[in-house]
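Asker: For reference, the file protein18.cif (mmCIF, C-alpha atoms) is included below:
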data_my_file
#
loop_
_atom_site.label_atom_id
_atom_site.label_comp_id
_atom_site.auth_asym_id
_atom_site.auth_seq_id
_atom_site.Cartn_x
_atom_site.Cartn_y
_atom_site.Cartn_z
CA MET E 244 103.56 66.46 87.79
CA ALA E 245 104.61 66.28 84.13
CA LYS E 246 104.95 70.06 84.06
CA ASP E 247 107.26 70.04 87.10
CA LEU E 248 109.42 67.31 85.53
CA ASP E 249 109.71 69.29 82.29
CA GLU E 250 110.80 72.38 84.18
CA LEU E 251 113.43 70.39 86.10
CA LEU E 252 114.88 69.00 82.84
CA ASP E 253 114.98 72.51 81.37
CA GLU E 254 116.99 73.66 84.38
CA VAL E 255 119.45 70.75 84.04
CA GLU E 256 119.95 71.48 80.36
CA SER E 257 120.51 75.20 80.95
CA LYS E 258 123.11 74.58 83.71
CA PHE E 259 125.10 71.57 82.45
CA CYS E 260 124.39 70.85 78.82
CA ARG E 261 124.35 74.38 77.29
CA PRO E 262 122.41 73.26 74.17
CA ASP E 263 122.30 75.18 70.96
CA PRO E 264 119.41 77.70 71.07
CA LEU E 265 118.29 76.55 67.64
CA ARG E 266 118.16 72.93 68.80
CA LEU E 267 116.34 73.98 71.94
CA GLY E 268 113.68 75.58 69.80
CA MET E 269 113.34 72.40 67.78
CA VAL E 270 112.65 70.23 70.87
CA GLU E 271 110.50 72.71 72.75
CA ARG E 272 108.13 70.71 74.92
CA PRO E 273 104.49 71.60 75.39
CA ARG E 274 103.61 73.14 78.72
CA GLY E 275 100.83 71.03 80.13
CA GLY E 276 99.00 67.86 79.25
CA GLY E 277 99.55 67.22 75.55
CA GLY E 278 97.96 63.79 75.43
CA ALA E 279 99.86 60.72 74.21
CA SER E 280 102.01 62.74 71.78
CA GLY E 281 103.05 65.04 74.61
CA ILE E 282 104.11 62.11 76.80
CA LEU E 283 106.15 60.52 74.00
CA SER E 284 107.82 63.85 73.22
CA SER E 285 108.61 64.33 76.89
CA ASP E 286 110.17 60.84 77.19
CA ARG E 287 112.26 61.36 74.06
CA ASN E 288 113.51 64.74 75.19
CA ARG E 289 114.29 63.38 78.67
CA ALA E 290 116.42 60.59 77.14
CA GLU E 291 118.25 63.12 74.96
CA ALA E 292 118.93 65.32 77.96
CA LYS E 293 120.33 62.39 79.97
CA GLU E 294 122.60 61.34 77.11
CA THR E 295 123.91 64.90 76.68
CA LEU E 296 124.51 65.19 80.42
CA ARG E 297 126.36 61.85 80.50
CA SER E 298 128.64 62.92 77.62
CA THR E 299 129.37 66.22 79.33
CA GLU E 300 130.35 64.45 82.59
CA THR E 301 132.59 62.01 80.70
CA PHE E 302 134.50 64.80 79.00
CA LYS E 303 134.85 66.61 82.31
CA LYS E 304 136.34 63.49 84.00
CA GLU E 305 138.83 63.01 81.15
CA ASP E 306 139.90 66.64 81.40
CA ASP E 307 140.35 66.28 85.18
CA LEU E 308 142.49 63.15 84.69
CA ASP E 309 144.70 64.87 82.11
CA SER E 310 145.14 67.84 84.42
CA LEU E 311 146.13 65.55 87.32
CA ILE E 312 148.74 63.74 85.18
CA ASN E 313 150.20 67.05 84.01
CA GLU E 314 150.40 68.30 87.59
CA ILE E 315 152.33 65.19 88.66
CA PHE E 316 154.91 65.58 85.89
CA GLU E 317 155.26 69.29 86.59
CA GLU E 318 156.06 68.75 90.29
CA PRO E 319 159.58 70.12 91.05
CA ASN E 320 160.53 66.97 93.03
CA PHE E 321 159.41 64.58 90.29
CA ASP E 322 162.45 62.97 88.63
CA LYS E 323 161.41 61.78 85.14
CA LYS E 324 164.79 60.17 84.53
CA HIS E 325 164.51 58.07 87.68
CA PHE E 326 160.99 57.11 86.70
CA LYS E 327 162.14 55.71 83.36
CA LEU E 328 165.09 53.87 84.86
CA LYS E 329 162.87 52.21 87.41
CA SER E 330 160.54 50.89 84.71
CA LYS E 331 163.50 49.49 82.77
CA SER E 332 164.89 47.82 85.87
CA SER E 333 161.58 46.14 86.69
CA GLY E 334 161.43 44.83 83.12
CA ASN E 335 164.88 43.28 83.46
CA SER E 336 163.80 41.62 86.70
CA SER E 337 160.91 39.98 84.88
CA VAL E 338 163.27 38.68 82.20
CA ARG E 339 165.66 37.27 84.81
CA ALA E 340 162.77 35.57 86.60
CA SER E 341 161.63 34.00 83.31
CA ILE E 342 165.14 32.70 82.58
CA GLN E 343 165.46 31.21 86.05
CA GLY E 344 162.10 29.52 85.59
CA LEU E 345 163.50 27.47 82.72
CA GLY E 346 165.22 25.14 85.22
CA LYS E 347 168.71 23.93 86.04
CA SER E 348 170.90 21.48 84.14
CA CYS E 349 173.18 18.76 85.47
CA SER E 350 176.90 19.47 85.10
CA PRO E 351 178.29 16.92 84.60
CA VAL E 352 175.51 14.47 83.75
CA TYR E 353 175.65 11.16 85.64
CA LEU E 354 173.97 7.78 85.23
CA GLY E 355 173.76 5.46 88.19
CA GLY E 356 172.53 2.22 89.67
CA SER E 357 169.43 2.03 91.85
CA ALA E 358 171.50 2.82 94.96
CA VAL E 359 172.50 6.21 93.51
CA PRO E 360 169.95 8.94 94.35
CA CYS E 361 168.41 10.88 91.47
CA GLY E 362 168.51 14.64 91.10
CA ILE E 363 170.69 17.43 89.73
CA GLY E 364 174.29 16.39 89.20
CA THR E 365 177.01 18.94 90.00
CA ASN E 366 180.79 19.08 89.83
CA THR E 367 181.16 20.36 93.39
CA SER E 368 181.82 16.90 94.82
CA GLN E 369 183.87 15.14 92.17
CA SER E 370 186.18 13.70 94.83
CA SER E 371 183.29 11.78 96.36
CA PHE E 372 181.00 10.08 93.87
CA SER E 373 178.70 8.96 96.66
CA LEU E 374 177.50 12.55 97.04
CA ASN E 375 176.59 13.00 93.37
CA ARG E 376 173.21 12.31 91.86
CA ALA E 377 172.09 10.56 88.71
CA CYS E 378 170.09 12.69 86.28
CA ASP E 379 166.47 11.55 86.08
CA HIS E 380 165.44 14.02 83.40
CA LEU E 381 167.38 12.80 80.38
CA ARG E 382 166.41 13.39 76.76
CA CYS E 383 167.87 11.83 73.62
CA VAL E 384 168.84 14.32 70.91
CA ALA E 385 168.94 11.54 68.31
CA CYS E 386 165.39 10.16 68.59
CA ASP E 387 163.93 13.08 70.59
CA PHE E 388 162.49 10.76 73.26
CA TRP E 389 162.69 11.15 77.00
CA VAL E 390 164.87 8.49 78.62
CA VAL E 391 163.04 6.09 80.93
CA SER E 392 164.70 4.24 83.81
CA TYR E 393 163.73 1.28 85.99
CA ASP E 394 165.34 0.59 89.36
CA ASP E 395 166.55 -2.92 90.22
CA TYR E 396 166.22 -4.07 86.61
CA ARG E 397 168.62 -4.72 83.73
CA TRP E 398 167.93 -5.19 80.04
CA ASP E 399 167.98 -8.69 78.64
CA LYS E 400 170.88 -9.44 76.30
CA SER E 401 168.44 -10.15 73.46
CA CYS E 402 167.34 -6.49 73.28
CA ASP E 403 167.87 -4.79 69.93
CA TYR E 404 167.10 -1.50 68.22
CA LEU E 405 163.79 -2.68 66.72
CA PHE E 406 162.50 -3.76 70.12
CA PHE E 407 162.83 -0.24 71.55
CA ARG E 408 161.81 1.39 68.27
CA ASN E 409 158.48 -0.45 68.33
CA ASN E 410 157.73 -0.52 72.07
CA MET E 411 158.89 2.77 73.61
CA PRO E 412 157.66 4.12 75.94
CA GLU E 413 155.02 1.51 76.87
CA PHE E 414 156.14 -0.22 80.07
CA HIS E 415 153.81 -3.21 79.64
CA LYS E 416 155.68 -3.95 76.39
CA LEU E 417 159.17 -3.10 77.63
CA LYS E 418 158.90 -5.28 80.73
CA THR E 419 159.10 -8.41 78.56
CA LYS E 420 162.85 -7.66 78.21
CA LEU E 421 163.48 -6.46 81.79
CA VAL E 422 165.29 -8.82 84.14
CA LYS E 423 165.28 -8.33 87.93
CA LYS E 424 168.70 -7.38 89.30
CA LYS E 425 169.09 -5.56 92.60
CA GLY E 426 171.31 -2.46 92.50
CA THR E 427 171.03 -2.02 88.73
CA ARG E 428 169.11 0.68 86.88
CA ALA E 429 167.90 0.09 83.33
CA TYR E 430 167.89 3.15 81.02
CA ALA E 431 166.40 3.40 77.53
CA CYS E 432 165.17 5.79 74.85
CA GLN E 433 163.82 4.79 71.44
CA CYS E 434 167.25 4.17 69.93
CA SER E 435 169.64 3.33 72.82
CA TRP E 436 169.64 1.42 76.11
CA ARG E 437 171.99 0.78 79.03
CA SER E 438 172.09 -1.21 82.28
CA ILE E 439 174.06 0.76 84.91
CA GLU E 440 175.26 -0.52 88.28
CA GLU E 441 177.39 2.36 89.61
CA LEU E 442 177.76 6.11 89.17
CA THR E 443 178.92 6.80 85.61
CA ASP E 444 179.76 10.07 83.89
CA LEU E 445 177.65 10.25 80.72
CA GLN E 446 180.60 11.69 78.79
CA THR E 447 182.37 8.35 79.03
CA SER E 448 179.57 6.72 76.98
CA HIS E 449 180.30 8.27 73.61
CA GLN E 450 177.61 6.32 71.76
CA LEU E 451 174.80 7.76 73.87
CA ARG E 452 173.21 10.98 72.61
CA TRP E 453 171.56 11.79 75.93
CA VAL E 454 171.53 15.21 77.54
CA CYS E 455 170.01 16.67 80.67
CA GLY E 456 166.55 17.99 79.83
CA LYS E 457 166.69 20.46 82.77
CA HIS E 458 165.03 20.04 86.14
#
Show me the file's structure as structure tokens.

Answerer:
Amino acid sequence: MAKDLDELLDEVESKFCRPDPLRLGMVERPRGGGGASGILSSDRNRAEAKETLRSTETFKKEDDLDSLINEIFEEPNFDKKHFKLKSKSSGNSSVRASIQGLGKSCSPVYLGGSAVPCGIGTNTSQSSFSLNRACDHLRCVACDFWVVSYDDYRWDKSCDYLFFRNNMPEFHKLKTKLVKKKGTRAYACQCSWRSIEELTDLQTSHQLRWVCGKH
């Protein structure tokens, strides 16, 4: 059995591996039962033959792949210029998709009472304020805080800068200065606050440093 296996490995090496004759002489296996040393030598030579065969197959696959790529580019109907332009176009599409994913901004930016719906404000319906929306994604560029709002509340007249500076944005602390008032919406960041009852263009409040933080 061991003799038959050795002969089979010799045949594989001669057909696929093409070993150096000198190296072949160095690893010549004994023909027949060589005891424990013969078995170890046979196992070692078998592993070497498998590794050589695996390397040969890998190189052959890489050569086949290179040949296939060259054949594709050498096809008479293959337009290399069109291929490059298509890749560039797909890249631009990805950039446009990323830009669109950043969100939309209100233009103009509106504040409003609790009766005014929240959303993205636009200038397409300036003649009818009832169709516009109050921005609910405001950010202050002065204190870098998001603006909070509370429907049907107004701020107490005793509110001051230190109150918001120390308590924003914790509602359980802010509510001590919130007064119930239907139709009003209370806005605040860490440095400014307003109580709004009707739709108001943010540009008319020059002291506020609020901007739309994009939706």

Asker: Care to translate the PyMOL selection byres ((chain E and resi 412) around 9) into actual residues of this file, as a ChimeraX atom specification?

Answerer: /E:388-391,407,409-411,413-414,416-417,431-433

Asker: Counting only C-alpha atoms, find the residues whose atoms lie at most 12 Å from (165.0, 11.6, 94.7) (file coordinates) and write them out as a ChimeraX atom specification.

Answerer: /E:357-364,375-380

Asker: Keeping only C-alpha atoms, write those residues as a JSON list (two decimals), in the coordinates of the input.

Answerer:
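Written file, again.json:
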[["chain", "number", "residue", "atom", "x", "y", "z"],
["E", 357, "SER", "CA", 169.43, 2.03, 91.85],
["E", 358, "ALA", "CA", 171.50, 2.82, 94.96],
["E", 359, "VAL", "CA", 172.50, 6.21, 93.51],
["E", 360, "PRO", "CA", 169.95, 8.94, 94.35],
["E", 361, "CYS", "CA", 168.41, 10.88, 91.47],
["E", 362, "GLY", "CA", 168.51, 14.64, 91.10],
["E", 363, "ILE", "CA", 170.69, 17.43, 89.73],
["E", 364, "GLY", "CA", 174.29, 16.39, 89.20],
["E", 375, "ASN", "CA", 176.59, 13.00, 93.37],
["E", 376, "ARG", "CA", 173.21, 12.31, 91.86],
["E", 377, "ALA", "CA", 172.09, 10.56, 88.71],
["E", 378, "CYS", "CA", 170.09, 12.69, 86.28],
["E", 379, "ASP", "CA", 166.47, 11.55, 86.08],
["E", 380, "HIS", "CA", 165.44, 14.02, 83.40]]

Asker: May I ask which of the residues E:Ser392, E:Cys386, E:Thr365, E:His449 is the closest one to Tyr430 in chain E, counting only C-alpha atoms?

Answerer: E:Ser392

Asker: Could you state which residues are captured by the PyMOL selection byres ((chain E and resi 402) around 10) in this file, as a list in words?

Answerer: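 Applied to this file, the PyMOL selection byres ((chain E and resi 402) around 10) selects Trp398, Asp399, Lys400, Ser401, Asp403, Tyr404, Leu405, Phe406, Phe407, Leu417, Thr419, Lys420, Leu421 and Trp436 of chain E.
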
Asker: I need the residues from that last selection saved to file as a compact mmCIF listing (two decimals), in the frame of the given file (with C-alpha atoms), if you can.

Answerer:
# COMPACT_ATOMS: atom_id res chain seq x y z
CA TRP E 398 167.93 -5.19 80.04
CA ASP E 399 167.98 -8.69 78.64
CA LYS E 400 170.88 -9.44 76.30
CA SER E 401 168.44 -10.15 73.46
CA ASP E 403 167.87 -4.79 69.93
CA TYR E 404 167.10 -1.50 68.22
CA LEU E 405 163.79 -2.68 66.72
CA PHE E 406 162.50 -3.76 70.12
CA PHE E 407 162.83 -0.24 71.55
CA LEU E 417 159.17 -3.10 77.63
CA THR E 419 159.10 -8.41 78.56
CA LYS E 420 162.85 -7.66 78.21
CA LEU E 421 163.48 -6.46 81.79
CA TRP E 436 169.64 1.42 76.11

Asker: Name the residues that the PyMOL selection byres ((chain E and resi 443) around 9) picks from the file above, as a PyMOL selection string, using the file's chain letters and numbers.

Answerer: chain E and resi 352-356+377+439-442+444-448

Asker: Do you have the CA of Val454 in chain E-CA of Asp394 in chain E distance handy?

Answerer: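 Computed distance, CA of Val454 in chain E to CA of Asp394 in chain E, equals 19.8 Å.
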